[in-house]
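Content type mmCIF, C-alpha atoms and all ligand atoms, from the file input.cif:
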data_upload
#
loop_
_atom_site.label_atom_id
_atom_site.label_comp_id
_atom_site.auth_asym_id
_atom_site.auth_seq_id
_atom_site.Cartn_x
_atom_site.Cartn_y
_atom_site.Cartn_z
CA MET A 1 1.89 -7.02 -15.01
CA ARG A 2 2.86 -9.94 -12.78
CA ASN A 3 -0.68 -11.17 -12.17
CA GLY A 4 -4.21 -10.19 -13.03
CA GLY A 5 -6.38 -10.67 -16.03
CA GLY A 6 -8.39 -13.32 -14.16
CA GLU A 7 -11.96 -13.07 -13.05
CA ALA A 8 -12.91 -9.90 -11.14
CA VAL A 9 -13.33 -10.46 -7.39
CA LEU A 10 -14.04 -6.81 -6.66
CA GLU A 11 -15.81 -4.26 -8.81
CA ALA A 12 -16.41 -0.87 -7.20
CA ARG A 13 -18.14 1.76 -9.34
CA ASP A 14 -18.26 5.44 -8.54
CA LEU A 15 -18.23 5.00 -4.78
CA THR A 16 -18.78 8.17 -2.85
CA LYS A 17 -18.91 8.71 0.89
CA VAL A 18 -19.94 11.89 2.59
CA TYR A 19 -19.66 11.85 6.37
CA ALA A 20 -22.45 13.89 7.97
CA PRO A 21 -21.47 17.19 9.59
CA ARG A 22 -20.36 16.92 13.22
CA ARG A 23 -20.01 19.56 15.93
CA GLY A 24 -20.54 22.46 13.58
CA GLN A 25 -17.98 21.10 11.09
CA PRO A 26 -18.90 20.86 7.39
CA PRO A 27 -19.61 17.41 5.88
CA VAL A 28 -16.49 15.42 4.85
CA HIS A 29 -16.34 14.18 1.25
CA ALA A 30 -14.07 11.22 2.01
CA ASN A 31 -14.58 9.38 -1.32
CA ARG A 32 -15.59 11.28 -4.45
CA GLY A 33 -16.38 8.67 -7.10
CA ILE A 34 -13.88 5.82 -6.80
CA SER A 35 -14.04 3.02 -9.38
CA LEU A 36 -11.70 0.11 -8.99
CA THR A 37 -11.50 -3.56 -10.01
CA VAL A 38 -9.41 -6.32 -8.46
CA HIS A 39 -8.93 -9.64 -10.26
CA LYS A 40 -8.11 -13.08 -8.91
CA GLY A 41 -4.42 -13.41 -8.12
CA GLU A 42 -3.86 -9.67 -8.32
CA VAL A 43 -2.48 -7.34 -5.65
CA VAL A 44 -3.81 -3.80 -5.89
CA ALA A 45 -2.29 -1.19 -3.58
CA VAL A 46 -4.19 1.98 -2.77
CA LEU A 47 -1.52 4.53 -1.98
CA GLY A 48 -2.20 7.95 -0.53
CA PRO A 49 -1.48 10.36 2.30
CA ASN A 50 -3.29 10.30 5.64
CA GLY A 51 -6.89 11.40 5.23
CA ALA A 52 -6.94 10.51 1.51
CA GLY A 53 -9.97 8.26 2.00
CA LYS A 54 -8.23 4.86 1.86
CA SER A 55 -9.84 3.33 4.95
CA THR A 56 -13.23 4.74 4.01
CA PHE A 57 -12.99 3.03 0.63
CA LEU A 58 -11.93 -0.28 2.14
CA ARG A 59 -14.70 -0.22 4.74
CA GLN A 60 -17.29 0.36 2.04
CA VAL A 61 -15.96 -2.60 0.07
CA ALA A 62 -16.01 -4.70 3.25
CA GLY A 63 -19.67 -3.89 3.85
CA GLN A 64 -18.85 -2.10 7.11
CA LEU A 65 -19.86 1.34 5.89
CA LEU A 66 -22.76 2.21 3.64
CA PRO A 67 -21.74 4.23 0.57
CA THR A 68 -23.47 7.56 -0.04
CA SER A 69 -23.71 6.51 -3.69
CA GLY A 70 -22.16 4.03 -6.10
CA THR A 71 -22.07 0.26 -6.30
CA VAL A 72 -19.73 -2.43 -5.07
CA ARG A 73 -19.67 -6.11 -5.97
CA VAL A 74 -17.47 -8.76 -4.39
CA CYS A 75 -17.31 -12.15 -6.17
CA GLY A 76 -20.22 -10.84 -8.25
CA ILE A 77 -22.39 -10.23 -5.14
CA ASP A 78 -23.81 -6.77 -4.46
CA VAL A 79 -22.32 -5.77 -1.09
CA ILE A 80 -25.01 -3.19 -0.36
CA ALA A 81 -27.98 -5.45 -1.21
CA SER A 82 -26.53 -8.71 0.18
CA PRO A 83 -23.84 -7.83 2.72
CA LEU A 84 -23.85 -11.20 4.49
CA ALA A 85 -23.40 -13.22 1.31
CA ALA A 86 -20.71 -10.81 0.09
CA LYS A 87 -18.83 -10.95 3.41
CA ARG A 88 -18.64 -14.74 3.07
CA CYS A 89 -16.22 -14.42 0.18
CA MET A 90 -13.91 -11.78 1.60
CA SER A 91 -11.71 -11.27 4.63
CA VAL A 92 -10.76 -7.99 6.22
CA ILE A 93 -7.95 -6.85 8.45
CA PRO A 94 -8.78 -3.37 9.71
CA GLN A 95 -6.20 -0.63 10.23
CA GLU A 96 -6.18 -0.66 14.01
CA CYS A 97 -6.49 -4.24 15.09
CA SER A 98 -4.44 -6.48 17.34
CA PRO A 99 -4.94 -10.05 18.51
CA TYR A 100 -5.76 -10.93 22.14
CA ASP A 101 -2.69 -11.01 24.35
CA SER A 102 -3.61 -13.88 26.61
CA LEU A 103 -4.23 -16.61 24.01
CA THR A 104 -1.61 -18.69 22.26
CA VAL A 105 -1.17 -18.26 18.52
CA GLU A 106 -2.89 -21.57 17.87
CA GLU A 107 -5.80 -20.86 20.25
CA HIS A 108 -6.33 -17.45 18.75
CA VAL A 109 -6.62 -18.69 15.18
CA ARG A 110 -8.74 -21.72 16.17
CA TYR A 111 -11.20 -19.94 18.50
CA PHE A 112 -11.76 -16.91 16.33
CA GLY A 113 -11.69 -19.08 13.23
CA ILE A 114 -14.64 -21.07 14.58
CA ILE A 115 -16.49 -17.83 15.29
CA LYS A 116 -15.77 -16.87 11.67
CA GLY A 117 -17.33 -20.05 10.36
CA MET A 118 -14.55 -22.64 10.45
CA ASP A 119 -15.99 -26.12 11.03
CA PRO A 120 -15.16 -27.03 14.70
CA ARG A 121 -14.58 -30.69 13.74
CA THR A 122 -11.86 -29.83 11.25
CA ALA A 123 -10.62 -26.71 13.09
CA PRO A 124 -7.39 -28.21 14.55
CA GLY A 125 -6.18 -29.39 11.12
CA GLU A 126 -7.34 -26.21 9.42
CA THR A 127 -5.54 -24.11 12.05
CA SER A 128 -2.27 -25.98 11.47
CA ARG A 129 -2.60 -25.44 7.73
CA LEU A 130 -3.22 -21.70 8.18
CA LEU A 131 -0.33 -21.29 10.60
CA SER A 132 1.94 -23.02 8.14
CA GLU A 133 0.64 -20.82 5.31
CA VAL A 134 1.72 -17.66 7.13
CA GLY A 135 4.92 -19.14 8.59
CA LEU A 136 3.80 -19.35 12.23
CA THR A 137 4.09 -23.09 12.87
CA GLU A 138 7.16 -22.74 15.08
CA HIS A 139 5.45 -20.00 17.13
CA ARG A 140 2.11 -21.80 17.59
CA THR A 141 2.38 -22.38 21.35
CA LYS A 142 3.59 -18.87 22.18
CA LEU A 143 1.30 -16.35 23.83
CA ILE A 144 0.32 -13.46 21.59
CA ARG A 145 1.86 -11.04 24.08
CA GLU A 146 5.25 -12.68 23.49
CA LEU A 147 5.21 -11.96 19.75
CA SER A 148 6.81 -9.15 17.77
CA GLY A 149 4.57 -6.77 15.80
CA GLY A 150 5.28 -8.61 12.54
CA LEU A 151 4.27 -11.98 13.97
CA LYS A 152 1.10 -10.47 15.46
CA ARG A 153 0.20 -9.13 12.03
CA ARG A 154 0.69 -12.64 10.63
CA VAL A 155 -1.69 -14.06 13.25
CA LEU A 156 -4.31 -11.62 11.97
CA ILE A 157 -3.65 -12.66 8.39
CA ALA A 158 -3.97 -16.37 9.32
CA LEU A 159 -7.27 -15.59 11.02
CA ALA A 160 -8.46 -13.60 8.02
CA LEU A 161 -7.91 -16.72 5.94
CA ALA A 162 -9.94 -18.91 8.29
CA GLY A 163 -13.37 -20.13 7.30
CA PRO A 164 -14.90 -20.11 3.86
CA GLY A 165 -14.50 -16.45 2.88
CA ASN A 166 -11.18 -15.56 1.43
CA GLN A 167 -11.27 -14.97 -2.31
CA LEU A 168 -10.71 -11.29 -1.65
CA LEU A 169 -8.40 -10.12 1.10
CA LEU A 170 -8.67 -6.52 2.32
CA LEU A 171 -5.71 -5.23 4.30
CA ASP A 172 -5.74 -1.73 5.71
CA GLU A 173 -2.14 -0.59 6.22
CA PRO A 174 -0.86 -4.11 6.94
CA THR A 175 2.65 -3.06 7.96
CA THR A 176 2.25 0.35 9.57
CA GLY A 177 4.38 0.53 12.71
CA LEU A 178 6.49 -2.53 11.92
CA ASP A 179 10.27 -2.50 11.64
CA PRO A 180 11.77 -3.04 8.15
CA ALA A 181 12.57 -6.74 8.62
CA SER A 182 9.07 -7.55 9.97
CA ARG A 183 7.50 -5.60 7.13
CA ARG A 184 9.30 -7.80 4.64
CA THR A 185 8.09 -11.01 6.26
CA VAL A 186 4.51 -9.72 6.05
CA TRP A 187 5.10 -8.84 2.38
CA LYS A 188 6.23 -12.41 1.71
CA VAL A 189 3.01 -13.76 3.22
CA ILE A 190 0.84 -11.38 1.18
CA GLU A 191 2.75 -12.26 -1.97
CA SER A 192 2.24 -15.98 -1.44
CA LEU A 193 -1.50 -15.49 -0.82
CA ALA A 194 -1.93 -13.70 -4.14
CA GLY A 195 0.19 -16.39 -5.78
CA LYS A 196 -2.51 -18.86 -4.74
CA GLY A 197 -5.16 -16.98 -6.70
CA ARG A 198 -6.69 -14.67 -4.12
CA GLY A 199 -7.34 -11.06 -4.94
CA VAL A 200 -5.65 -8.65 -2.54
CA LEU A 201 -6.57 -5.02 -1.98
CA LEU A 202 -4.34 -3.22 0.46
CA THR A 203 -3.87 0.35 1.51
CA THR A 204 -0.55 1.84 2.41
CA HIS A 205 1.33 5.08 2.62
CA TYR A 206 4.62 3.30 2.05
CA ILE A 207 5.82 3.65 -1.53
CA ASP A 208 8.29 0.77 -1.21
CA GLU A 209 5.46 -1.49 -0.05
CA ALA A 210 3.33 -0.65 -3.07
CA GLU A 211 6.33 -1.07 -5.36
CA TYR A 212 7.19 -4.48 -3.93
CA LEU A 213 3.71 -5.95 -3.67
CA ALA A 214 1.43 -4.35 -6.19
CA ASP A 215 0.58 -5.48 -9.68
CA ARG A 216 -1.39 -2.26 -9.87
CA ILE A 217 -1.10 0.93 -7.86
CA VAL A 218 -3.98 3.33 -7.35
CA ILE A 219 -2.96 6.71 -5.98
CA ILE A 220 -5.71 8.55 -4.19
CA ALA A 221 -5.80 11.93 -2.48
CA GLN A 222 -8.73 13.90 -1.17
CA GLY A 223 -11.10 11.07 -2.08
CA ARG A 224 -10.20 10.91 -5.78
CA ILE A 225 -8.09 8.60 -7.91
CA LEU A 226 -5.19 10.64 -9.25
CA ALA A 227 -3.38 7.86 -11.08
CA GLU A 228 -3.65 4.13 -11.68
CA GLY A 229 -1.25 1.69 -13.31
CA SER A 230 1.54 -0.82 -12.83
CA PRO A 231 4.48 0.43 -10.73
CA LEU A 232 6.38 0.98 -13.99
CA GLU A 233 3.56 2.97 -15.56
CA ILE A 234 3.25 5.13 -12.46
CA GLN A 235 7.02 5.60 -12.33
CA SER A 236 7.02 6.97 -15.87
CA ARG A 237 4.68 9.76 -14.77
CA SER A 238 7.38 11.51 -12.81
CA ALA A 239 7.83 15.15 -13.86
CA SER A 240 11.45 14.47 -14.75
CA LYS A 241 12.66 11.12 -15.94
CA GLY A 242 15.86 11.02 -13.95
CA ARG A 243 17.91 12.23 -11.02
CA LEU A 244 21.51 13.20 -10.53
CA ASP A 245 22.67 12.74 -6.94
CA ILE A 246 25.79 14.51 -5.76
CA TYR A 247 27.31 13.55 -2.40
CA ASP A 248 29.79 15.26 -0.06
CA VAL A 249 28.73 18.58 -1.54
CA ASP A 250 30.28 20.37 1.46
CA LEU A 251 33.72 18.99 0.56
CA LEU A 252 33.84 19.99 -3.12
CA SER A 253 36.88 21.70 -4.69
CA ALA A 254 36.46 25.18 -6.17
CA ALA A 255 36.41 23.75 -9.72
CA ALA A 256 33.80 21.16 -8.79
CA LYS A 257 31.66 23.83 -7.09
CA ALA A 258 31.79 25.95 -10.26
CA GLU A 259 30.73 22.96 -12.38
CA LEU A 260 27.89 22.22 -9.97
CA ASP A 261 26.70 25.83 -10.04
CA SER A 262 26.56 25.69 -13.83
CA LEU A 263 24.59 22.42 -13.65
CA LYS A 264 22.06 24.00 -11.28
CA GLY A 265 21.36 26.49 -14.05
CA VAL A 266 20.46 23.62 -16.40
CA TRP A 267 18.61 21.18 -14.12
CA PRO A 268 16.44 22.17 -11.16
CA VAL A 269 17.36 21.12 -7.63
CA SER A 270 14.79 18.62 -6.37
CA PHE A 271 16.36 17.87 -3.00
CA ALA A 272 19.06 19.67 -1.01
CA ARG A 273 20.92 18.85 2.15
CA GLU A 274 24.20 20.31 3.28
CA ASP A 275 26.11 17.29 1.99
CA HIS A 276 23.72 15.85 -0.63
CA LEU A 277 22.13 17.50 -3.62
CA ARG A 278 19.71 16.00 -6.13
CA LEU A 279 18.97 17.53 -9.53
CA ALA A 280 15.97 16.61 -11.69
CA VAL A 281 17.27 15.35 -15.03
CA PRO A 282 14.76 15.27 -17.93
CA ASP A 283 16.45 12.29 -19.62
CA PRO A 284 19.04 10.30 -17.63
CA PHE A 285 19.98 8.25 -20.71
CA SER A 286 20.84 11.21 -22.95
CA PRO A 287 24.46 11.74 -24.07
CA GLU A 288 24.35 15.16 -22.40
CA ALA A 289 23.43 13.71 -19.01
CA VAL A 290 26.12 11.02 -19.26
CA ALA A 291 28.72 13.59 -20.31
CA ARG A 292 27.82 15.83 -17.38
CA LEU A 293 28.21 12.87 -15.01
CA GLN A 294 31.62 12.07 -16.49
CA GLY A 295 32.61 15.73 -16.11
CA LEU A 296 31.76 15.60 -12.42
CA SER A 297 33.59 12.30 -11.93
CA GLY A 298 36.64 13.80 -13.63
CA LEU A 299 36.61 16.53 -10.98
CA GLY A 300 36.56 13.93 -8.22
CA VAL A 301 32.87 14.43 -7.34
CA LYS A 302 30.86 11.51 -5.97
CA ALA A 303 27.81 11.53 -8.23
CA THR A 304 25.28 9.02 -9.54
CA LEU A 305 22.76 9.25 -12.37
CA ALA A 306 19.56 7.19 -12.17
CA PRO A 307 16.07 6.96 -13.60
CA ALA A 308 13.34 8.60 -11.50
CA SER A 309 11.92 6.41 -8.75
CA LEU A 310 8.33 5.54 -7.97
CA GLU A 311 8.60 7.99 -5.07
CA ASP A 312 9.54 10.80 -7.48
CA ALA A 313 6.44 9.95 -9.52
CA TYR A 314 4.27 9.76 -6.41
CA LEU A 315 5.43 13.21 -5.34
CA THR A 316 4.77 14.54 -8.83
CA ILE A 317 1.25 13.10 -8.75
CA ALA A 318 0.21 13.57 -5.11
CA GLY A 319 3.06 15.56 -3.62
CA GLU A 320 1.40 18.89 -3.19
CA MET A 321 -1.83 17.46 -1.80
CA PRO A 322 -2.24 18.53 1.83
CA GLU A 323 -3.25 16.01 4.51
CA THR A 324 -6.86 16.34 5.59
N1 LIG B 1 -16.42 8.25 10.90
C1 LIG B 1 -16.03 9.41 10.36
N2 LIG B 1 -16.76 10.54 10.51
C2 LIG B 1 -16.37 11.71 9.96
N3 LIG B 1 -15.27 11.85 9.19
C3 LIG B 1 -14.50 10.77 9.01
C4 LIG B 1 -14.83 9.50 9.56
N4 LIG B 1 -13.88 8.60 9.20
C5 LIG B 1 -13.00 9.28 8.44
N5 LIG B 1 -13.37 10.58 8.32
C6 LIG B 1 -12.67 11.62 7.52
O1 LIG B 1 -12.68 11.20 6.17
C7 LIG B 1 -11.46 11.51 5.53
C8 LIG B 1 -10.84 10.24 5.00
O2 LIG B 1 -10.48 9.41 6.10
P1 LIG B 1 -9.89 7.94 5.93
O3 LIG B 1 -10.74 7.19 5.00
O4 LIG B 1 -9.69 7.39 7.30
O5 LIG B 1 -8.48 8.26 5.23
P2 LIG B 1 -7.11 7.40 5.18
O6 LIG B 1 -7.43 6.02 5.57
O7 LIG B 1 -6.64 7.55 3.78
O8 LIG B 1 -6.16 8.06 6.14
C9 LIG B 1 -10.60 12.22 6.58
O9 LIG B 1 -10.78 13.60 6.40
C10 LIG B 1 -11.20 11.75 7.89
O10 LIG B 1 -11.01 12.71 8.89
MG MG B 2 -6.66 4.79 7.02
#
Please express the file's structure as structure tokens.
Ligand SMILES: Nc1ncnc2c1ncn2[C@@H]1O[C@H](COP(=O)(O)OP(=O)(O)O)[C@@H](O)[C@H]1O
Ligand SMILES: [Mg+2]
Amino acid sequence: MRNGGGEAVLEARDLTKVYAPRRGQPPVHANRGISLTVHKGEVVAVLGPNGAGKSTFLRQVAGQLLPTSGTVRVCGIDVIASPLAAKRCMSVIPQECSPYDSLTVEEHVRYFGIIKGMDPRTAPGETSRLLSEVGLTEHRTKLIRELSGGLKRRVLIALALAGPGNQLLLLDEPTTGLDPASRRTVWKVIESLAGKGRGVLLTTHYIDEAEYLADRIVIIAQGRILAEGSPLEIQSRSASKGRLDIYDVDLLSAAAKAELDSLKGVWPVSFAREDHLRLAVPDPFSPEAVARLQGLSGLGVKATLAPASLEDAYLTIAGEMPET
């Protein structure tokens, strides 16, 4: 584990949320007993398909939604009994949220920061510090409408850090809709915030995001935790421990095709495209697997052997769960 082991900033116990029936529909059991702890300096990523109950969980932690049952404490404060005090030590960036177009970056963080409790006398200095923390200093005089999606997301993060409450940062899908380069700049900001001792709880459906950012991954589907652990621990839960990828399958010689057909009898196909085949290998480090790879190479086949990825494990754990 990179971080963690510090004091708990979030302790959720057995949180359930049942949304009341609407328009003749049955009630929705969005969270079915979720227990989760986040420590100072730790990034916990809640990973799961659409409809898994990620936003519902986050909104209950944030004190925006009353749980049907269960308890949640932030910085030791009961969120249900004392929501105002609890909200003072956390910051939330909701899933669908964008800053106001017609303000500059600096104005946005300063004005909304003051509304959030930043002291107006120290606001200009505080705003500069926040903008520098999220790498926006050079963009401070630009209008929000002139910014890319990644920079807008960083404005929201700067604002979330304004005022007194930021020991726990809650980010609901912080990079959804951003291009790959912008996503990485947001990751860097999140990483540096955790490095300064804040606890971070984020939701995502991007496996690479969880792998990059999280000290601990919690996979949820249909309102339940299916698995929890470090990226490495989750990775080791893949059904097969390795993968053999074979490329240019449509161009193989007759001998190579025969060898491949025999391999398909030994290891199941986990992915197939006209020109790319992937076989699930139980142990990619075994002499048998290495010998098979060498056999393919000897026949001029482009093939690689690798340990299973976090995505393989995710699909093993949550793969067959339908969206709700
Ligand atoms: N306000 C609501 N009223 C009724 N059902 C809701 C409400 N919000 C979410 N749901 C349902 O609860 C389930 C979980 O939703 P959500 O927490 O938004 O999942 P996620 O964020 O993982 O996509 C879904 O089936 C969704 O349709
Ligand atoms: Mg959501």
| task | Give as a list in words the set of residues within 9 Å of the point (3.5, -19.4, 17.6), where distances use the file's coordinates and only C-alpha atoms. | result | Thr104, Val105, Glu106, Leu131, Leu136, Thr137, Glu138, His139, Arg140, Thr141, Lys142, Leu143, Ile144, Leu147, Leu151 and Val155 of chain A
Within-7 Å residues of ligand MG 2 (chain B), basis only C-alpha atoms and all ligand atoms, as a PDB file with C-alpha atoms, in the frame of the given file:
ATOM      1  CA  ASN A  50      -3.290  10.300   5.640  1.00  0.00           C
ATOM      2  CA  GLY A  51      -6.890  11.400   5.230  1.00  0.00           C
ATOM      3  CA  GLY A  53      -9.970   8.260   2.000  1.00  0.00           C
ATOM      4  CA  LYS A  54      -8.230   4.860   1.860  1.00  0.00           C
ATOM      5  CA  SER A  55      -9.840   3.330   4.950  1.00  0.00           C
ATOM      6  CA  GLN A  95      -6.200  -0.630  10.230  1.00  0.00           C
ATOM      7  CA  ASP A 172      -5.740  -1.730   5.710  1.00  0.00           C
TER       8      ASP A 172
END
| query | Quick one, how far is CA of Gly163 (chain A) from CA of Ala194 (chain A)? | reply | 17.4 Å
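In this model, the gap between CA of Ser286 (chain A) and CA of Leu260 (chain A) comes to 18.4 Å.
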| query | Using only C-alpha atoms and all ligand atoms, which protein or nucleic acid residues are at most 9 Å from ligand LIG 1 (chain B), as a ChimeraX atom specification? | reply | /A:17-22,27-31,46-59,95,172-173,203-205,220-223,323-324
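The shell of residues at most 7 Å from Ala214 (chain A), with all atoms listed in the file counted and near chain neighbours (fewer than 6 positions) removed, consists of Val43, Val44 and Ala45 of chain A.
Of the listed residues A:Arg121, A:Ala239, A:Ala162, A:Leu232, the one whose atoms come nearest to Met90 (chain A) is A:Ala162, with distances taken using only C-alpha atoms.
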Since the input lacks some atoms of region 128-150 of chain A, please model N, CA and C atoms and print them as a PDB file, in the coordinates of the input.
ATOM      1  N   SER A 128      -3.671 -25.645  11.777  1.00  0.00           N
ATOM      2  CA  SER A 128      -2.270 -25.980  11.470  1.00  0.00           C
ATOM      3  C   SER A 128      -1.920 -25.563  10.049  1.00  0.00           C
ATOM      4  N   ARG A 129      -2.855 -25.803   9.130  1.00  0.00           N
ATOM      5  CA  ARG A 129      -2.600 -25.440   7.730  1.00  0.00           C
ATOM      6  C   ARG A 129      -2.427 -23.920   7.586  1.00  0.00           C
ATOM      7  N   LEU A 130      -3.300 -23.165   8.278  1.00  0.00           N
ATOM      8  CA  LEU A 130      -3.220 -21.700   8.180  1.00  0.00           C
ATOM      9  C   LEU A 130      -1.927 -21.175   8.792  1.00  0.00           C
ATOM     10  N   LEU A 131      -1.556 -21.760   9.944  1.00  0.00           N
ATOM     11  CA  LEU A 131      -0.330 -21.290  10.600  1.00  0.00           C
ATOM     12  C   LEU A 131       0.873 -21.573   9.711  1.00  0.00           C
ATOM     13  N   SER A 132       0.827 -22.718   9.030  1.00  0.00           N
ATOM     14  CA  SER A 132       1.940 -23.020   8.140  1.00  0.00           C
ATOM     15  C   SER A 132       1.936 -22.072   6.940  1.00  0.00           C
ATOM     16  N   GLU A 133       0.733 -21.713   6.472  1.00  0.00           N
ATOM     17  CA  GLU A 133       0.640 -20.820   5.310  1.00  0.00           C
ATOM     18  C   GLU A 133       1.274 -19.446   5.589  1.00  0.00           C
ATOM     19  N   VAL A 134       1.155 -18.976   6.828  1.00  0.00           N
ATOM     20  CA  VAL A 134       1.720 -17.660   7.130  1.00  0.00           C
ATOM     21  C   VAL A 134       3.039 -17.754   7.912  1.00  0.00           C
ATOM     22  N   GLY A 135       3.594 -18.971   7.974  1.00  0.00           N
ATOM     23  CA  GLY A 135       4.920 -19.140   8.590  1.00  0.00           C
ATOM     24  C   GLY A 135       4.917 -18.996  10.108  1.00  0.00           C
ATOM     25  N   LEU A 136       3.873 -19.487  10.767  1.00  0.00           N
ATOM     26  CA  LEU A 136       3.800 -19.350  12.230  1.00  0.00           C
ATOM     27  C   LEU A 136       3.881 -20.686  12.961  1.00  0.00           C
ATOM     28  N   THR A 137       4.131 -21.765  12.228  1.00  0.00           N
ATOM     29  CA  THR A 137       4.090 -23.090  12.870  1.00  0.00           C
ATOM     30  C   THR A 137       5.009 -23.141  14.092  1.00  0.00           C
ATOM     31  N   GLU A 138       6.220 -22.626  13.951  1.00  0.00           N
ATOM     32  CA  GLU A 138       7.160 -22.740  15.080  1.00  0.00           C
ATOM     33  C   GLU A 138       6.763 -21.851  16.264  1.00  0.00           C
ATOM     34  N   HIS A 139       5.851 -20.909  16.041  1.00  0.00           N
ATOM     35  CA  HIS A 139       5.450 -20.000  17.130  1.00  0.00           C
ATOM     36  C   HIS A 139       4.083 -20.379  17.710  1.00  0.00           C
ATOM     37  N   ARG A 140       3.520 -21.537  17.304  1.00  0.00           N
ATOM     38  CA  ARG A 140       2.110 -21.800  17.590  1.00  0.00           C
ATOM     39  C   ARG A 140       1.768 -21.862  19.068  1.00  0.00           C
ATOM     40  N   THR A 141       2.721 -22.261  19.924  1.00  0.00           N
ATOM     41  CA  THR A 141       2.380 -22.380  21.350  1.00  0.00           C
ATOM     42  C   THR A 141       2.740 -21.117  22.144  1.00  0.00           C
ATOM     43  N   LYS A 142       3.244 -20.102  21.462  1.00  0.00           N
ATOM     44  CA  LYS A 142       3.590 -18.870  22.180  1.00  0.00           C
ATOM     45  C   LYS A 142       2.345 -18.042  22.468  1.00  0.00           C
ATOM     46  N   LEU A 143       2.391 -17.290  23.562  1.00  0.00           N
ATOM     47  CA  LEU A 143       1.300 -16.350  23.830  1.00  0.00           C
ATOM     48  C   LEU A 143       1.437 -15.154  22.893  1.00  0.00           C
ATOM     49  N   ILE A 144       0.305 -14.608  22.496  1.00  0.00           N
ATOM     50  CA  ILE A 144       0.320 -13.460  21.590  1.00  0.00           C
ATOM     51  C   ILE A 144       1.190 -12.334  22.165  1.00  0.00           C
ATOM     52  N   ARG A 145       1.104 -12.158  23.492  1.00  0.00           N
ATOM     53  CA  ARG A 145       1.860 -11.040  24.080  1.00  0.00           C
ATOM     54  C   ARG A 145       3.369 -11.222  23.953  1.00  0.00           C
ATOM     55  N   GLU A 146       3.806 -12.436  23.651  1.00  0.00           N
ATOM     56  CA  GLU A 146       5.250 -12.680  23.490  1.00  0.00           C
ATOM     57  C   GLU A 146       5.745 -12.393  22.071  1.00  0.00           C
ATOM     58  N   LEU A 147       4.825 -12.078  21.169  1.00  0.00           N
ATOM     59  CA  LEU A 147       5.210 -11.960  19.750  1.00  0.00           C
ATOM     60  C   LEU A 147       5.625 -10.543  19.380  1.00  0.00           C
ATOM     61  N   SER A 148       6.465 -10.446  18.349  1.00  0.00           N
ATOM     62  CA  SER A 148       6.810  -9.150  17.770  1.00  0.00           C
ATOM     63  C   SER A 148       5.611  -8.634  16.958  1.00  0.00           C
ATOM     64  N   GLY A 149       5.667  -7.368  16.582  1.00  0.00           N
ATOM     65  CA  GLY A 149       4.570  -6.770  15.800  1.00  0.00           C
ATOM     66  C   GLY A 149       4.327  -7.506  14.489  1.00  0.00           C
ATOM     67  N   GLY A 150       5.418  -7.937  13.835  1.00  0.00           N
ATOM     68  CA  GLY A 150       5.280  -8.610  12.540  1.00  0.00           C
ATOM     69  C   GLY A 150       4.576  -9.953  12.678  1.00  0.00           C
TER      70      GLY A 150
END
